[in-house]
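Pasted below: upload-v1.cif, mmCIF, C-alpha atoms and all ligand atoms; chains and numbers go by the auth columns.
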```
data_my_file
loop_
_atom_site.group_PDB
_atom_site.id
_atom_site.type_symbol
_atom_site.label_atom_id
_atom_site.label_comp_id
_atom_site.label_asym_id
_atom_site.label_seq_id
_atom_site.Cartn_x
_atom_site.Cartn_y
_atom_site.Cartn_z
_atom_site.B_iso_or_equiv
_atom_site.auth_seq_id
_atom_site.auth_asym_id
ATOM 1 C CA MET A 1 5.347 -18.327 -2.484 0.00 9 A
ATOM 2 C CA THR A 2 4.099 -15.268 -4.333 0.00 10 A
ATOM 3 C CA THR A 3 5.030 -11.996 -2.651 0.00 11 A
ATOM 4 C CA ILE A 4 2.753 -8.974 -2.668 0.00 12 A
ATOM 5 C CA LYS A 5 4.647 -5.785 -1.947 0.00 13 A
ATOM 6 C CA ILE A 6 2.891 -2.630 -0.771 0.00 14 A
ATOM 7 C CA ASP A 7 4.419 0.835 -0.791 0.00 15 A
ATOM 8 C CA TYR A 8 2.669 2.171 2.300 0.00 16 A
ATOM 9 C CA ASP A 9 3.947 5.699 1.664 0.00 17 A
ATOM 10 C CA ALA A 10 2.164 5.737 -1.715 0.00 18 A
ATOM 11 C CA CYS A 11 -0.986 3.946 -0.487 0.00 19 A
ATOM 12 C CA THR A 12 -3.986 6.263 -0.153 0.00 20 A
ATOM 13 C CA GLY A 13 -6.161 3.804 1.762 0.00 21 A
ATOM 14 C CA CYS A 14 -8.764 3.481 -0.994 0.00 22 A
ATOM 15 C CA ARG A 15 -9.370 -0.244 -0.186 0.00 23 A
ATOM 16 C CA MET A 16 -9.561 -1.217 -3.843 0.00 24 A
ATOM 17 C CA CYS A 17 -7.057 -4.056 -3.426 0.00 25 A
ATOM 18 C CA PHE A 18 -9.130 -5.415 -0.557 0.00 26 A
ATOM 19 C CA LYS A 19 -12.311 -5.181 -2.660 0.00 27 A
ATOM 20 C CA VAL A 20 -11.111 -6.630 -5.973 0.00 28 A
ATOM 21 C CA CYS A 21 -9.339 -9.690 -4.611 0.00 29 A
ATOM 22 C CA TYR A 22 -11.820 -12.547 -4.850 0.00 30 A
ATOM 23 C CA VAL A 23 -9.761 -14.966 -2.790 0.00 31 A
ATOM 24 C CA ASP A 24 -8.679 -14.830 0.820 0.00 32 A
ATOM 25 C CA VAL A 25 -5.515 -12.738 0.612 0.00 33 A
ATOM 26 C CA TRP A 26 -6.275 -9.318 2.070 0.00 34 A
ATOM 27 C CA ARG A 27 -7.416 -7.896 5.347 0.00 35 A
ATOM 28 C CA TYR A 28 -7.849 -4.221 6.156 0.00 36 A
ATOM 29 C CA ASP A 29 -6.402 -2.478 9.191 0.00 37 A
ATOM 30 C CA ASP A 30 -9.071 0.088 10.064 0.00 38 A
ATOM 31 C CA GLU A 31 -6.927 1.752 12.740 0.00 39 A
ATOM 32 C CA GLN A 32 -3.989 2.338 10.399 0.00 40 A
ATOM 33 C CA ASP A 33 -6.307 2.738 7.378 0.00 41 A
ATOM 34 C CA LYS A 34 -4.046 0.458 5.341 0.00 42 A
ATOM 35 C CA PRO A 35 -4.421 -2.952 3.676 0.00 43 A
ATOM 36 C CA ILE A 36 -2.634 -6.035 4.965 0.00 44 A
ATOM 37 C CA VAL A 37 -1.483 -9.013 2.932 0.00 45 A
ATOM 38 C CA ALA A 38 -2.727 -11.625 5.381 0.00 46 A
ATOM 39 C CA TYR A 39 -2.715 -14.841 3.322 0.00 47 A
ATOM 40 C CA PRO A 40 -0.320 -14.487 0.358 0.00 48 A
ATOM 41 C CA GLU A 41 -0.308 -18.260 -0.077 0.00 49 A
ATOM 42 C CA ASP A 42 -3.890 -17.995 -1.373 0.00 50 A
ATOM 43 C CA CYS A 43 -2.982 -15.614 -4.215 0.00 51 A
ATOM 44 C CA VAL A 44 -4.013 -17.010 -7.612 0.00 52 A
ATOM 45 C CA HIS A 45 -1.881 -14.547 -9.612 0.00 53 A
ATOM 46 C CA CYS A 46 -4.727 -12.656 -11.287 0.00 54 A
ATOM 47 C CA ASN A 47 -2.906 -9.313 -10.847 0.00 55 A
ATOM 48 C CA MET A 48 -6.150 -7.389 -10.275 0.00 56 A
ATOM 49 C CA CYS A 49 -4.947 -5.724 -7.078 0.00 57 A
ATOM 50 C CA GLU A 50 -1.863 -4.343 -8.804 0.00 58 A
ATOM 51 C CA LEU A 51 -3.801 -3.215 -11.879 0.00 59 A
ATOM 52 C CA GLU A 52 -6.570 -1.537 -9.854 0.00 60 A
ATOM 53 C CA CYS A 53 -4.316 0.309 -7.431 0.00 61 A
ATOM 54 C CA ALA A 54 -4.505 3.874 -8.741 0.00 62 A
ATOM 55 C CA ALA A 55 -1.586 4.866 -6.531 0.00 63 A
ATOM 56 C CA GLY A 56 0.689 2.259 -8.101 0.00 64 A
ATOM 57 C CA ALA A 57 1.497 1.038 -4.612 0.00 65 A
ATOM 58 C CA ILE A 58 1.287 -2.719 -5.248 0.00 66 A
ATOM 59 C CA GLU A 59 3.709 -5.076 -6.912 0.00 67 A
ATOM 60 C CA VAL A 60 2.793 -8.754 -7.181 0.00 68 A
ATOM 61 C CA VAL A 61 5.962 -10.816 -7.511 0.00 69 A
ATOM 62 C CA TYR A 62 5.026 -14.242 -8.802 0.00 70 A
ATOM 63 C CA ASP A 63 6.662 -17.467 -7.747 0.00 71 A
ATOM 64 C CA TYR A 64 5.812 -19.854 -10.541 0.00 72 A
ATOM 65 C CA ASP A 65 7.541 -22.703 -8.732 0.00 73 A
ATOM 66 C CA SER A 66 5.165 -22.518 -5.778 0.00 74 A
ATOM 67 C CA PRO A 67 2.450 -25.198 -5.422 0.00 75 A
ATOM 68 C CA TRP A 68 -1.184 -24.524 -6.256 0.00 76 A
ATOM 69 C CA PRO A 69 -2.711 -22.078 -3.780 0.00 77 A
ATOM 70 C CA PRO A 70 -4.505 -23.917 -0.953 0.00 78 A
ATOM 71 C CA ILE A 71 -7.702 -22.133 -1.909 0.00 79 A
ATOM 72 C CA ILE A 72 -7.822 -24.152 -5.134 0.00 80 A
ATOM 73 C CA GLU A 73 -7.968 -27.299 -3.019 0.00 81 A
ATOM 74 C CA ARG A 74 -10.394 -25.884 -0.442 0.00 82 A
ATOM 75 C CA GLY A 75 -12.724 -24.283 -2.946 0.00 83 A
ATOM 76 C CA PHE A 76 -13.371 -20.610 -3.472 0.00 84 A
ATOM 77 C CA PRO A 77 -15.182 -18.705 -0.723 0.00 85 A
ATOM 78 C CA TYR A 78 -18.009 -17.813 -3.049 0.00 86 A
ATOM 79 C CA THR A 79 -19.759 -20.252 -5.346 0.00 87 A
ATOM 80 C CA PRO A 80 -21.436 -18.312 -8.157 0.00 88 A
ATOM 81 C CA GLY A 81 -25.211 -18.409 -7.740 0.00 89 A
ATOM 82 C CA LYS A 82 -24.957 -20.010 -4.309 0.00 90 A
ATOM 83 C CA ALA A 83 -23.771 -17.123 -2.187 0.00 91 A
ATOM 84 C CA GLU A 84 -25.440 -16.890 1.202 0.00 92 A
ATOM 85 C CA ILE A 85 -26.726 -13.377 1.808 0.00 93 A
HETATM 86 S S1 LIG B . -5.483 -0.221 -3.869 0.00 101 A
HETATM 87 FE FE1 LIG B . -3.440 0.719 -3.522 0.00 101 A
HETATM 88 S S2 LIG B . -3.896 2.751 -2.658 0.00 101 A
HETATM 89 FE FE2 LIG B . -5.762 1.534 -2.462 0.00 101 A
HETATM 90 S S3 LIG B . -5.644 0.633 -0.383 0.00 101 A
HETATM 91 FE FE3 LIG B . -4.756 -0.875 -1.824 0.00 101 A
HETATM 92 S S4 LIG B . -2.526 -0.426 -1.799 0.00 101 A
HETATM 93 FE FE4 LIG B . -3.565 1.361 -0.922 0.00 101 A
HETATM 94 S S1 LIG B . -2.996 -10.997 -7.635 0.00 102 A
HETATM 95 FE FE1 LIG B . -5.220 -11.445 -7.614 0.00 102 A
HETATM 96 S S2 LIG B . -5.410 -13.167 -6.201 0.00 102 A
HETATM 97 FE FE2 LIG B . -3.405 -12.274 -5.836 0.00 102 A
HETATM 98 S S3 LIG B . -3.725 -10.818 -4.146 0.00 102 A
HETATM 99 FE FE3 LIG B . -3.944 -9.672 -6.077 0.00 102 A
HETATM 100 S S4 LIG B . -6.155 -9.687 -6.529 0.00 102 A
HETATM 101 FE FE4 LIG B . -5.751 -11.299 -5.002 0.00 102 A
#
```

In C-alpha cells, how does this file's structure come out?
Amino acid sequence: MTTIKIDYDACTGCRMCFKVCYVDVWRYDDEQDKPIVAYPEDCVHCNMCELECAAGAIEVVYDYDSPWPPIIERGFPYTPGKAEI
C-alpha cells in the first residue's frame, strides 16, 4: 500500500493537502491543527498533496505492486456536473 509520510514538525497546518486531495485519503484534526492520513489505501498516486505542501512536509511513497485503490471500484465521491450542493 502507498505510504504518505508527514513531517509534523515542518507542517504549518495550512490544510492544503486536505483540500487538494480529491479522493478520500485525508482528514483534519482540528484540535491538533494537523492533517491525518486516514485512508491511504484510497490514494491514486497523483502527488498533488506533496507538490502543494509549501512546507515540504509530505512524502508520498508509492507501492506500484499494490492493487487498484478501492475508490476506483467504488466510484469517486464527486461526479463532475452531478455534485449535490
Ligand atoms: S499541506 Fe503540508 S503544511 Fe499544509 S497542512 Fe498539509 S502537511 Fe501541513
Ligand atoms: S497523492 Fe494524490 S490521491 Fe494520494 S493522498 Fe496525495 S493528493 Fe490524495

Just to confirm, what's the straight-line distance from atom CA of Thr10 of chain A to atom CA of Tyr70 of chain A in Å (one decimal)? 4.7 Å

Neighbouring residues of segment 54-56 of chain A were defined as those with any atom within 8 Å, considering all atoms listed in the file; residues of the same chain fewer than 5 positions away were excluded. Please report them as a compact mmCIF listing (two decimals) with C-alpha atoms, keeping the file's coordinate frame.
```
# COMPACT_ATOMS: atom_id res chain seq x y z
CA CYS A 25 -7.06 -4.06 -3.43
CA VAL A 28 -11.11 -6.63 -5.97
CA CYS A 29 -9.34 -9.69 -4.61
CA VAL A 68 2.79 -8.75 -7.18
```

Could you work out how far atom CA of Tyr47 of chain A lies from atom CA of Cys19 of chain A, giving the answer in Å with one decimal? 19.2 Å

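Put simply, atom CA of Ala63 of chain A is 20.4 Å away from atom CA of Ala46 of chain A.
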
Kindly provide, as an NGL selection string, all nucleotide and amino acid residues lying within 12 Å of ligand LIG 101 (chain A), counting only C-alpha atoms and all ligand atoms. :A and (12-29 or 34-38 or 40-45 or 55-68)

Show me, as JSON, the centre and edge lengths in Å to one decimal of the axis-aligned box that covers every listed atom of ligand LIG 102 (chain A) with 8 Å on each side.
```
{"center_x": -4.6, "center_y": -11.4, "center_z": -5.9, "size_x": 19.2, "size_y": 19.5, "size_z": 19.5}
```

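Here the PyMOL selection byres (((chain A and resi 74-76) around 10) and not hetatm) captures the residues A:Met9, A:Thr10, A:Glu49, A:Asp50, A:Cys51, A:Val52, A:Tyr70, A:Asp71, A:Tyr72, A:Asp73, A:Pro77, A:Pro78, A:Ile79, A:Ile80, A:Glu81.
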
Once you have the residues from the selection above, write them out as a compact mmCIF listing (two decimals), keeping the file's coordinate frame, restricted to C-alpha atoms.
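The resulting file, result.txt, is shown below:
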```
# COMPACT_ATOMS: atom_id res chain seq x y z
CA MET A 9 5.35 -18.33 -2.48
CA THR A 10 4.10 -15.27 -4.33
CA GLU A 49 -0.31 -18.26 -0.08
CA ASP A 50 -3.89 -18.00 -1.37
CA CYS A 51 -2.98 -15.61 -4.22
CA VAL A 52 -4.01 -17.01 -7.61
CA TYR A 70 5.03 -14.24 -8.80
CA ASP A 71 6.66 -17.47 -7.75
CA TYR A 72 5.81 -19.85 -10.54
CA ASP A 73 7.54 -22.70 -8.73
CA PRO A 77 -2.71 -22.08 -3.78
CA PRO A 78 -4.50 -23.92 -0.95
CA ILE A 79 -7.70 -22.13 -1.91
CA ILE A 80 -7.82 -24.15 -5.13
CA GLU A 81 -7.97 -27.30 -3.02
```
